[in-house]
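S.K.: Next up, structure-v9.csv (CSV, N, CA and C atoms).
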chain,number,residue,atom,x,y,z
A,259,MET,N,0.9,-1.2,0.0
A,259,MET,CA,0.0,0.0,0.0
A,259,MET,C,0.9,1.2,0.0
A,260,THR,N,0.6,2.2,-0.8
A,260,THR,CA,1.4,3.4,-0.9
A,260,THR,C,1.0,4.3,0.2
A,261,ASN,N,1.9,5.3,0.4
A,261,ASN,CA,1.7,6.3,1.4
A,261,ASN,C,0.4,7.1,1.1
A,262,HIS,N,0.2,7.4,-0.2
A,262,HIS,CA,-1.0,8.1,-0.6
A,262,HIS,C,-2.3,7.3,-0.2
A,263,HIS,N,-2.3,6.0,-0.5
A,263,HIS,CA,-3.5,5.2,-0.2
A,263,HIS,C,-3.7,5.1,1.3
A,264,ALA,N,-2.7,5.1,2.1
A,264,ALA,CA,-2.8,5.0,3.6
A,264,ALA,C,-3.4,6.3,4.1
A,265,LYS,N,-3.0,7.5,3.5
A,265,LYS,CA,-3.6,8.7,3.9
A,265,LYS,C,-5.1,8.8,3.5
A,266,GLN,N,-5.4,8.3,2.4
A,266,GLN,CA,-6.8,8.3,2.0
A,266,GLN,C,-7.7,7.4,2.9
A,267,LEU,N,-7.1,6.3,3.3
A,267,LEU,CA,-7.8,5.4,4.2
A,267,LEU,C,-8.0,6.0,5.6
A,268,ARG,N,-7.0,6.7,6.1
A,268,ARG,CA,-7.1,7.4,7.4
A,268,ARG,C,-8.1,8.5,7.3
A,269,LEU,N,-8.1,9.2,6.2
A,269,LEU,CA,-9.0,10.3,6.0
A,269,LEU,C,-10.5,9.8,5.9
A,270,ALA,N,-10.7,8.7,5.2
A,270,ALA,CA,-12.0,8.1,5.1
A,270,ALA,C,-12.4,7.6,6.5
A,271,ALA,N,-11.5,7.0,7.2
A,271,ALA,CA,-11.9,6.6,8.6
A,271,ALA,C,-12.3,7.7,9.5
A,272,VAL,N,-11.6,8.8,9.4
A,272,VAL,CA,-11.9,10.0,10.2
A,272,VAL,C,-13.3,10.6,9.8
A,273,PHE,N,-13.5,10.7,8.5
A,273,PHE,CA,-14.9,11.2,8.1
A,273,PHE,C,-16.0,10.2,8.5
A,274,THR,N,-15.8,8.9,8.4
A,274,THR,CA,-16.8,8.0,8.9
A,274,THR,C,-17.0,8.1,10.4
A,275,PHE,N,-16.0,8.3,11.1
A,275,PHE,CA,-16.1,8.5,12.6
A,275,PHE,C,-16.9,9.7,12.9
A,276,ILE,N,-16.6,10.8,12.2
A,276,ILE,CA,-17.3,12.1,12.5
A,276,ILE,C,-18.7,12.0,12.1
A,277,PHE,N,-19.0,11.3,10.9
A,277,PHE,CA,-20.4,11.2,10.5
A,277,PHE,C,-21.1,10.3,11.5
A,278,ALA,N,-20.5,9.3,12.0
A,278,ALA,CA,-21.2,8.4,13.0
A,278,ALA,C,-21.5,9.2,14.2
A,279,ILE,N,-20.6,10.0,14.7
A,279,ILE,CA,-20.9,10.8,15.9
A,279,ILE,C,-22.0,11.8,15.7
A,280,ALA,N,-22.1,12.4,14.5
A,280,ALA,CA,-23.1,13.4,14.2
A,280,ALA,C,-24.5,12.7,14.0
A,281,VAL,N,-24.5,11.5,13.4
A,281,VAL,CA,-25.8,10.9,13.0
A,281,VAL,C,-26.4,10.0,14.1
A,282,LEU,N,-25.5,9.4,14.8
A,282,LEU,CA,-26.0,8.4,15.8
A,282,LEU,C,-27.0,8.9,16.8
A,283,PRO,N,-26.7,10.1,17.4
A,283,PRO,CA,-27.7,10.6,18.4
A,283,PRO,C,-29.1,10.8,17.7
A,284,VAL,N,-29.1,11.3,16.5
A,284,VAL,CA,-30.4,11.5,15.8
A,284,VAL,C,-31.1,10.1,15.6
A,285,LEU,N,-30.4,9.1,15.1
A,285,LEU,CA,-31.0,7.8,14.9
A,285,LEU,C,-31.5,7.2,16.2
A,286,LEU,N,-30.7,7.3,17.3
A,286,LEU,CA,-31.1,6.8,18.6
A,286,LEU,C,-32.3,7.5,19.1
A,287,HIS,N,-32.4,8.8,18.9
A,287,HIS,CA,-33.5,9.6,19.4
A,287,HIS,C,-34.8,9.2,18.6
A,288,ALA,N,-34.6,9.1,17.3
A,288,ALA,CA,-35.8,8.7,16.4
A,288,ALA,C,-36.3,7.4,16.8
A,289,ALA,N,-35.5,6.5,17.3
A,289,ALA,CA,-35.9,5.2,17.7
A,289,ALA,C,-36.7,5.2,19.0
A,290,ASP,N,-36.6,6.3,19.8
A,290,ASP,CA,-37.2,6.3,21.1
A,290,ASP,C,-38.6,7.0,21.0
A,291,ALA,N,-39.5,6.5,20.1
A,291,ALA,CA,-40.8,7.1,20.1
A,291,ALA,C,-41.6,6.8,21.3
A,292,SER,N,-42.3,7.8,21.8
A,292,SER,CA,-43.1,7.6,23.0
A,292,SER,C,-44.2,6.5,22.8
A,293,PRO,N,-44.4,5.7,23.8
A,293,PRO,CA,-45.5,4.7,23.6
A,293,PRO,C,-46.9,5.2,23.5
A,294,ILE,N,-47.0,6.5,23.8
A,294,ILE,CA,-48.4,7.1,23.8
A,294,ILE,C,-48.7,7.6,22.4
A,295,VAL,N,-47.7,7.7,21.5
A,295,VAL,CA,-47.9,8.2,20.2
A,295,VAL,C,-48.9,7.3,19.5
A,296,GLY,N,-49.9,8.0,18.9
A,296,GLY,CA,-51.0,7.2,18.2
A,296,GLY,C,-52.4,7.7,18.6
A,297,ASN,N,-53.4,6.9,18.3
A,297,ASN,CA,-54.8,7.2,18.5
A,297,ASN,C,-55.3,6.4,19.6
A,298,TRP,N,-56.1,7.0,20.5
A,298,TRP,CA,-56.7,6.4,21.7
A,298,TRP,C,-58.2,6.7,21.8
A,299,GLU,N,-59.0,5.8,22.3
A,299,GLU,CA,-60.4,6.0,22.4
A,299,GLU,C,-60.9,5.5,23.8
A,300,GLY,N,-61.8,6.2,24.4
A,300,GLY,CA,-62.4,5.9,25.6
A,300,GLY,C,-63.7,6.7,25.8
A,301,SER,N,-64.3,6.7,27.0
A,301,SER,CA,-65.5,7.4,27.2
A,301,SER,C,-65.5,7.9,28.7
A,302,ILE,N,-66.2,9.0,28.9
A,302,ILE,CA,-66.4,9.6,30.2
A,302,ILE,C,-67.9,9.5,30.5
A,303,SER,N,-68.3,9.1,31.7
A,303,SER,CA,-69.7,9.1,32.1
A,303,SER,C,-69.9,10.3,33.0
A,304,ALA,N,-70.8,11.2,32.5
A,304,ALA,CA,-71.1,12.4,33.2
A,304,ALA,C,-72.6,12.7,33.2
A,305,GLY,N,-73.2,12.9,34.3
A,305,GLY,CA,-74.6,13.2,34.3
A,305,GLY,C,-75.5,12.2,33.7
A,306,GLY,N,-75.2,10.9,33.8
A,306,GLY,CA,-76.0,9.8,33.3
A,306,GLY,C,-75.7,9.7,31.8
A,307,GLN,N,-74.8,10.4,31.2
A,307,GLN,CA,-74.5,10.3,29.8
A,307,GLN,C,-73.1,9.8,29.6
A,308,SER,N,-72.9,9.0,28.6
A,308,SER,CA,-71.5,8.6,28.2
A,308,SER,C,-71.0,9.3,27.0
A,309,LEU,N,-69.9,10.0,27.1
A,309,LEU,CA,-69.3,10.8,26.0
A,309,LEU,C,-68.0,10.1,25.5
A,310,ARG,N,-68.0,9.8,24.2
A,310,ARG,CA,-66.8,9.2,23.7
A,310,ARG,C,-65.7,10.3,23.6
A,311,ILE,N,-64.4,9.9,23.9
A,311,ILE,CA,-63.3,10.7,23.8
A,311,ILE,C,-62.3,10.1,22.9
A,312,VAL,N,-61.7,10.8,21.9
A,312,VAL,CA,-60.7,10.3,21.0
A,312,VAL,C,-59.5,11.2,21.1
A,313,LEU,N,-58.4,10.6,21.5
A,313,LEU,CA,-57.1,11.4,21.6
A,313,LEU,C,-56.2,11.0,20.5
A,314,HIS,N,-55.4,12.0,20.0
A,314,HIS,CA,-54.4,11.8,19.0
A,314,HIS,C,-53.1,12.4,19.5
A,315,PHE,N,-52.1,11.6,19.7
A,315,PHE,CA,-50.8,12.1,20.2
A,315,PHE,C,-49.7,11.9,19.1
A,316,THR,N,-48.9,12.9,18.9
A,316,THR,CA,-47.8,12.9,18.0
A,316,THR,C,-46.5,13.3,18.7
A,317,GLN,N,-45.4,13.1,18.1
A,317,GLN,CA,-44.1,13.4,18.6
A,317,GLN,C,-43.2,14.0,17.6
A,318,THR,N,-42.6,15.2,17.9
A,318,THR,CA,-41.7,15.8,16.9
A,318,THR,C,-40.3,15.0,16.9
A,319,LYS,N,-39.5,15.3,15.9
A,319,LYS,CA,-38.2,14.8,15.8
A,319,LYS,C,-37.4,15.1,17.1
A,320,GLU,N,-37.7,16.2,17.7
A,320,GLU,CA,-36.9,16.7,18.9
A,320,GLU,C,-37.4,16.0,20.1
A,321,GLY,N,-38.5,15.2,20.0
A,321,GLY,CA,-39.1,14.5,21.1
A,321,GLY,C,-40.2,15.1,21.8
A,322,ALA,N,-40.6,16.3,21.4
A,322,ALA,CA,-41.8,17.0,22.1
A,322,ALA,C,-43.1,16.3,21.7
A,323,LEU,N,-44.0,16.2,22.7
A,323,LEU,CA,-45.3,15.6,22.4
A,323,LEU,C,-46.3,16.6,22.2
A,324,ALA,N,-47.3,16.3,21.3
A,324,ALA,CA,-48.4,17.2,21.0
A,324,ALA,C,-49.6,16.3,20.9
A,325,GLY,N,-50.8,16.9,21.0
A,325,GLY,CA,-52.0,16.1,20.8
A,325,GLY,C,-53.2,17.0,20.5
A,326,THR,N,-54.3,16.2,20.2
A,326,THR,CA,-55.6,16.8,20.0
A,326,THR,C,-56.6,15.9,20.6
A,327,LEU,N,-57.8,16.4,20.9
A,327,LEU,CA,-58.9,15.7,21.5
A,327,LEU,C,-60.1,15.9,20.7
A,328,GLU,N,-60.9,14.9,20.5
A,328,GLU,CA,-62.2,15.0,19.8
A,328,GLU,C,-63.3,14.4,20.8
A,329,SER,N,-64.4,15.0,20.8
A,329,SER,CA,-65.6,14.5,21.5
A,329,SER,C,-66.7,14.3,20.5
A,330,PRO,N,-66.7,13.1,19.8
A,330,PRO,CA,-67.7,13.0,18.7
A,330,PRO,C,-69.1,13.1,19.1
A,331,ASP,N,-69.5,12.7,20.3
A,331,ASP,CA,-70.9,12.8,20.8
A,331,ASP,C,-71.3,14.2,21.1
A,332,GLN,N,-70.4,15.1,21.2
A,332,GLN,CA,-70.7,16.5,21.4
A,332,GLN,C,-70.6,17.3,20.1
A,333,GLY,N,-70.2,16.6,19.0
A,333,GLY,CA,-70.0,17.3,17.8
A,333,GLY,C,-68.8,18.2,17.7
A,334,ALA,N,-68.0,18.0,18.7
A,334,ALA,CA,-66.8,18.9,18.8
A,334,ALA,C,-65.7,18.4,17.8
A,335,GLY,N,-65.2,19.3,17.1
A,335,GLY,CA,-64.1,18.9,16.2
A,335,GLY,C,-62.8,18.7,16.9
A,336,SER,N,-61.7,18.6,16.3
A,336,SER,CA,-60.4,18.4,16.9
A,336,SER,C,-60.0,19.7,17.7
A,337,MET,N,-59.8,19.5,19.0
A,337,MET,CA,-59.3,20.6,19.8
A,337,MET,C,-57.9,20.3,20.2
A,338,PRO,N,-57.0,21.4,20.2
A,338,PRO,CA,-55.6,21.2,20.6
A,338,PRO,C,-55.4,20.9,22.1
A,339,ILE,N,-54.5,20.0,22.4
A,339,ILE,CA,-54.1,19.9,23.7
A,339,ILE,C,-52.8,20.8,23.9
A,340,ASP,N,-52.9,21.6,24.9
A,340,ASP,CA,-51.9,22.7,25.0
A,340,ASP,C,-50.5,22.2,25.6
A,341,LYS,N,-50.6,21.2,26.5
A,341,LYS,CA,-49.4,20.7,27.1
A,341,LYS,C,-49.5,19.2,27.3
A,342,VAL,N,-48.5,18.4,26.8
A,342,VAL,CA,-48.5,17.0,27.0
A,342,VAL,C,-47.2,16.6,27.6
A,343,GLU,N,-47.2,15.9,28.7
A,343,GLU,CA,-46.0,15.3,29.3
A,343,GLU,C,-46.2,13.9,29.6
A,344,PHE,N,-45.2,13.1,29.3
A,344,PHE,CA,-45.2,11.7,29.5
A,344,PHE,C,-43.8,11.3,30.0
A,345,LYS,N,-43.8,10.7,31.2
A,345,LYS,CA,-42.5,10.3,31.8
A,345,LYS,C,-42.8,9.1,32.8
A,346,ASP,N,-42.0,8.1,32.7
A,346,ASP,CA,-42.1,6.9,33.6
A,346,ASP,C,-43.5,6.4,33.7
A,347,ALA,N,-44.2,6.3,32.5
A,347,ALA,CA,-45.5,5.7,32.4
A,347,ALA,C,-46.6,6.7,32.9
A,348,ALA,N,-46.3,7.9,33.3
A,348,ALA,CA,-47.3,8.9,33.8
A,348,ALA,C,-47.5,9.9,32.7
A,349,LEU,N,-48.8,10.0,32.3
A,349,LEU,CA,-49.3,11.0,31.3
A,349,LEU,C,-50.0,12.1,32.0
A,350,HIS,N,-49.7,13.3,31.6
A,350,HIS,CA,-50.4,14.5,32.0
A,350,HIS,C,-50.6,15.4,30.8
A,351,PHE,N,-51.8,15.9,30.7
A,351,PHE,CA,-52.1,16.9,29.6
A,351,PHE,C,-53.1,17.9,30.1
A,352,GLU,N,-53.0,19.1,29.4
A,352,GLU,CA,-53.8,20.2,29.8
A,352,GLU,C,-54.4,20.8,28.6
A,353,MET,N,-55.7,21.3,28.7
A,353,MET,CA,-56.4,22.0,27.7
A,353,MET,C,-57.0,23.3,28.2
A,354,THR,N,-56.3,24.4,28.0
A,354,THR,CA,-56.7,25.6,28.6
A,354,THR,C,-58.1,26.1,28.1
A,355,ALA,N,-58.4,25.9,26.8
A,355,ALA,CA,-59.6,26.4,26.2
A,355,ALA,C,-60.9,25.8,26.9
A,356,ILE,N,-60.8,24.6,27.4
A,356,ILE,CA,-61.9,24.1,28.1
A,356,ILE,C,-61.6,23.8,29.6
A,357,ALA,N,-60.6,24.4,30.1
A,357,ALA,CA,-60.2,24.3,31.5
A,357,ALA,C,-60.2,22.8,32.0
A,358,ALA,N,-59.5,22.0,31.3
A,358,ALA,CA,-59.5,20.6,31.6
A,358,ALA,C,-58.0,20.0,31.7
A,359,THR,N,-57.9,19.0,32.6
A,359,THR,CA,-56.6,18.4,32.7
A,359,THR,C,-56.8,16.9,32.8
A,360,TYR,N,-55.8,16.1,32.5
A,360,TYR,CA,-55.9,14.6,32.6
A,360,TYR,C,-54.6,14.1,33.2
A,361,ASP,N,-54.7,13.2,34.2
A,361,ASP,CA,-53.5,12.5,34.7
A,361,ASP,C,-53.8,11.1,34.7
A,362,GLY,N,-52.9,10.3,34.0
A,362,GLY,CA,-53.1,8.9,33.9
A,362,GLY,C,-51.8,8.1,33.9
A,363,THR,N,-52.0,6.8,33.9
A,363,THR,CA,-50.8,5.9,33.9
A,363,THR,C,-50.9,4.9,32.7
A,364,TYR,N,-49.9,4.8,32.0
A,364,TYR,CA,-49.8,3.9,30.8
A,364,TYR,C,-49.5,2.5,31.3
A,365,ASP,N,-50.4,1.5,30.9
A,365,ASP,CA,-50.1,0.1,31.2
A,365,ASP,C,-49.7,-0.5,29.9
A,366,LYS,N,-48.5,-0.9,29.8
A,366,LYS,CA,-47.9,-1.4,28.6
A,366,LYS,C,-48.6,-2.8,28.2
A,367,ALA,N,-48.8,-3.6,29.3
A,367,ALA,CA,-49.4,-5.0,29.1
A,367,ALA,C,-50.8,-4.9,28.5
A,368,LYS,N,-51.6,-3.9,28.9
A,368,LYS,CA,-52.9,-3.8,28.5
A,368,LYS,C,-53.0,-2.8,27.3
A,369,ASP,N,-51.9,-2.1,27.0
A,369,ASP,CA,-51.9,-1.0,26.0
A,369,ASP,C,-53.1,0.0,26.2
A,370,GLU,N,-53.2,0.5,27.5
A,370,GLU,CA,-54.2,1.4,27.8
A,370,GLU,C,-53.7,2.4,28.8
A,371,ILE,N,-54.4,3.6,28.9
A,371,ILE,CA,-54.0,4.6,29.9
A,371,ILE,C,-55.2,4.8,30.8
A,372,SER,N,-55.0,4.7,32.1
A,372,SER,CA,-56.1,4.9,33.0
A,372,SER,C,-55.8,6.1,33.9
A,373,GLY,N,-56.8,6.9,34.1
A,373,GLY,CA,-56.6,8.1,34.9
A,373,GLY,C,-57.8,8.9,35.2
A,374,THR,N,-57.6,10.2,35.5
A,374,THR,CA,-58.7,11.0,36.0
A,374,THR,C,-58.7,12.3,35.1
A,375,TRP,N,-59.9,12.5,34.5
A,375,TRP,CA,-60.2,13.7,33.8
A,375,TRP,C,-60.8,14.8,34.8
A,376,LYS,N,-60.2,16.0,34.8
A,376,LYS,CA,-60.7,17.0,35.7
A,376,LYS,C,-61.2,18.2,34.8
A,377,GLN,N,-62.4,18.6,35.1
A,377,GLN,CA,-63.0,19.8,34.4
A,377,GLN,C,-64.1,20.3,35.2
A,378,SER,N,-64.2,21.6,35.3
A,378,SER,CA,-65.3,22.3,36.0
A,378,SER,C,-65.6,21.8,37.4
A,379,GLY,N,-64.5,21.6,38.1
A,379,GLY,CA,-64.6,21.1,39.5
A,379,GLY,C,-64.9,19.6,39.6
A,380,GLN,N,-65.1,18.9,38.6
A,380,GLN,CA,-65.4,17.5,38.6
A,380,GLN,C,-64.2,16.7,38.3
A,381,SER,N,-64.1,15.5,38.9
A,381,SER,CA,-63.0,14.5,38.6
A,381,SER,C,-63.7,13.3,38.2
A,382,LEU,N,-63.4,12.8,37.0
A,382,LEU,CA,-64.1,11.7,36.4
A,382,LEU,C,-63.1,10.7,35.9
A,383,PRO,N,-63.3,9.4,36.1
A,383,PRO,CA,-62.4,8.4,35.6
A,383,PRO,C,-62.4,8.3,34.1
A,384,LEU,N,-61.3,8.2,33.5
A,384,LEU,CA,-61.2,8.0,32.0
A,384,LEU,C,-60.1,7.1,31.7
A,385,THR,N,-60.4,6.0,31.0
A,385,THR,CA,-59.5,5.0,30.5
A,385,THR,C,-59.6,5.0,29.0
A,386,VAL,N,-58.5,5.1,28.4
A,386,VAL,CA,-58.5,5.1,26.9
A,386,VAL,C,-57.6,3.9,26.5
A,387,LYS,N,-58.1,3.3,25.4
A,387,LYS,CA,-57.3,2.2,24.8
A,387,LYS,C,-56.9,2.6,23.4
A,388,ARG,N,-55.8,2.0,22.9
A,388,ARG,CA,-55.3,2.3,21.6
A,388,ARG,C,-56.4,1.9,20.6
A,389,ALA,N,-56.6,2.9,19.7
A,389,ALA,CA,-57.6,2.7,18.6
A,389,ALA,C,-57.1,1.7,17.6
A,390,LYS,N,-57.9,0.8,17.1
A,390,LYS,CA,-57.5,-0.2,16.2
A,390,LYS,C,-57.6,0.3,14.8
Please go through the file and, once you have read it, give me the structure as C-alpha cells.
M.R.:
Amino acid sequence: MTNHHAKQLRLAAVFTFIFAIAVLPVLLHAADASPIVGNWEGSISAGGQSLRIVLHFTQTKEGALAGTLESPDQGAGSMPIDKVEFKDAALHFEMTAIAATYDGTYDKAKDEISGTWKQSGQSLPLTVKRAK
C-alpha cells in the first residue's frame, strides 16, 4: 500500500467516525418514540350520559409531544391539547380552552391509559385504549 493510499484510508476513517458521531444521536432519538404516540379511544360518564373521547398524540423529531382531542358525541371537532407530558408511564395533559386536565398511567401490558379527567370542578375516571 502506498503512502497516498494510507492517507486516503485514514481520511476516510476520520470522516466515517465524524459522520457516525453526528448521526448516531439522531438515529437513537428517532428510535425512542413515546409509547403514547398514536390514537386512543375511551369514554367519560357524566350526568348519566356517556361521552366518547378520541385522543391523537404525535411526537416531533426533537421528542416533544403534542396532541388533539375529539368528543364525537358533542359534535366537537379536533381541539388542541396545550401541554402533553409523558414520563415513567405517567401521562399529564392540559387543555386551557376548556379548563381541563388529565392525569393517567400507561399500562404497557394492556396498552391502555387509566386516569382522571378534571374539568369544571369534577373529577371523572377516564381509561383510553389504543384505537385499532
S.K.: Expressed in Å to a single decimal, how great is the separation between atom C of A:Pro330 and atom CA of A:Phe344?
M.R.: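 The value is 26.1 Å.
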S.K.: Looking only at the backbone, which of the residues in stretch 289-390 of chain A does DSSP tag as helix (DSSP H, G or I), as a VMD selection string?
M.R.: chain A and resid 289 330 to 332 354 to 356
S.K.: A:Lys345: which residues within 10 Å, counting only C-alpha atoms, same-chain residues fewer than 6 positions away excluded, as a ChimeraX atom specification?
M.R.: /A:292,363-364
S.K.: Any chance you can output those residues with N, CA and C atoms as a short mmCIF file (atom, residue, chain, number, x, y, z; two decimals), in the coordinates of the input?
M.R.:
data_model
loop_
_atom_site.label_atom_id
_atom_site.label_comp_id
_atom_site.auth_asym_id
_atom_site.auth_seq_id
_atom_site.Cartn_x
_atom_site.Cartn_y
_atom_site.Cartn_z
N SER A 292 -42.30 7.80 21.80
CA SER A 292 -43.10 7.60 23.00
C SER A 292 -44.20 6.50 22.80
N THR A 363 -52.00 6.80 33.90
CA THR A 363 -50.80 5.90 33.90
C THR A 363 -50.90 4.90 32.70
N TYR A 364 -49.90 4.80 32.00
CA TYR A 364 -49.80 3.90 30.80
C TYR A 364 -49.50 2.50 31.30
#
S.K.: Could you tell me how far atom CA of A:Ser329 lies from atom CA of A:Lys366, in Å and to one decimal?
M.R.: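 The value is 24.8 Å.
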S.K.: Figure out the distance between atom N of A:Lys368 and atom N of A:Asn297, please, to one decimal in Å.
M.R.: 15.2 Å
S.K.: Going by DSSP on the backbone, which residues of stretch 275-372 of chain A come out as strand (DSSP E)? List them as a ChimeraX atom specification.
M.R.: /A:296-304,307-317,323-329,334-339,341-345,348-353,358-365,370-372
S.K.: Which is closest to A:Arg310 among A:Leu384, A:Lys390, A:Ser336, A:Ala324, if we use only C-alpha atoms?
M.R.: A:Leu384
S.K.: Could you tell me which of A:Ala348, A:Ile339, A:Met353, A:Ile311 comes closest to A:Leu323 if we count only N, CA and C atoms?
M.R.: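 Checking each candidate against A:Leu323, we get A:Ile339 as the closest.
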S.K.: Between A:Leu327, A:Ile302, A:Ala291, A:Ala358, which is the closest to A:Ser378 once you count all atoms listed in the file?
M.R.: A:Ala358
S.K.: From the list A:Ile371, A:Ala334, A:Leu382, A:Ala304, which residue is nearest A:Leu349 when using only N, CA and C atoms?
M.R.: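 Checking each of A:Ile371, A:Ala334, A:Leu382, A:Ala304 against A:Leu349, counting only N, CA and C atoms, the winner is A:Ile371.
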S.K.: Taking all atoms listed in the file into account, name the residue in A:Gly333, A:Ile356, A:Asp346, A:Arg388 that is nearest to A:Lys376.
M.R.: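 Selected residue with least distance to A:Lys376: A:Ile356.
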S.K.: Which residue, A:Thr385, A:Gln377, A:Thr318, A:Ser303, has the smallest gap to A:Thr354 when you use only C-alpha atoms?
M.R.: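 Closest to A:Thr354 of all the choices is A:Gln377.
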S.K.: Determine, counting only C-alpha atoms, which protein, DNA and RNA residues have an atom within 6 Å of an atom of A:Val312; residues of the same chain fewer than 2 positions away are not included. Present the result as an mmCIF file with N, CA and C atoms, keeping the file's coordinate frame.
M.R.:
data_model
loop_
_atom_site.group_PDB
_atom_site.id
_atom_site.type_symbol
_atom_site.label_atom_id
_atom_site.label_comp_id
_atom_site.auth_asym_id
_atom_site.auth_seq_id
_atom_site.Cartn_x
_atom_site.Cartn_y
_atom_site.Cartn_z
ATOM 1 N N TRP A 298 -56.100 7.000 20.500
ATOM 2 C CA TRP A 298 -56.700 6.400 21.700
ATOM 3 C C TRP A 298 -58.200 6.700 21.800
ATOM 4 N N GLU A 299 -59.000 5.800 22.300
ATOM 5 C CA GLU A 299 -60.400 6.000 22.400
ATOM 6 C C GLU A 299 -60.900 5.500 23.800
ATOM 7 N N LEU A 327 -57.800 16.400 20.900
ATOM 8 C CA LEU A 327 -58.900 15.700 21.500
ATOM 9 C C LEU A 327 -60.100 15.900 20.700
ATOM 10 N N GLU A 328 -60.900 14.900 20.500
ATOM 11 C CA GLU A 328 -62.200 15.000 19.800
ATOM 12 C C GLU A 328 -63.300 14.400 20.800
#
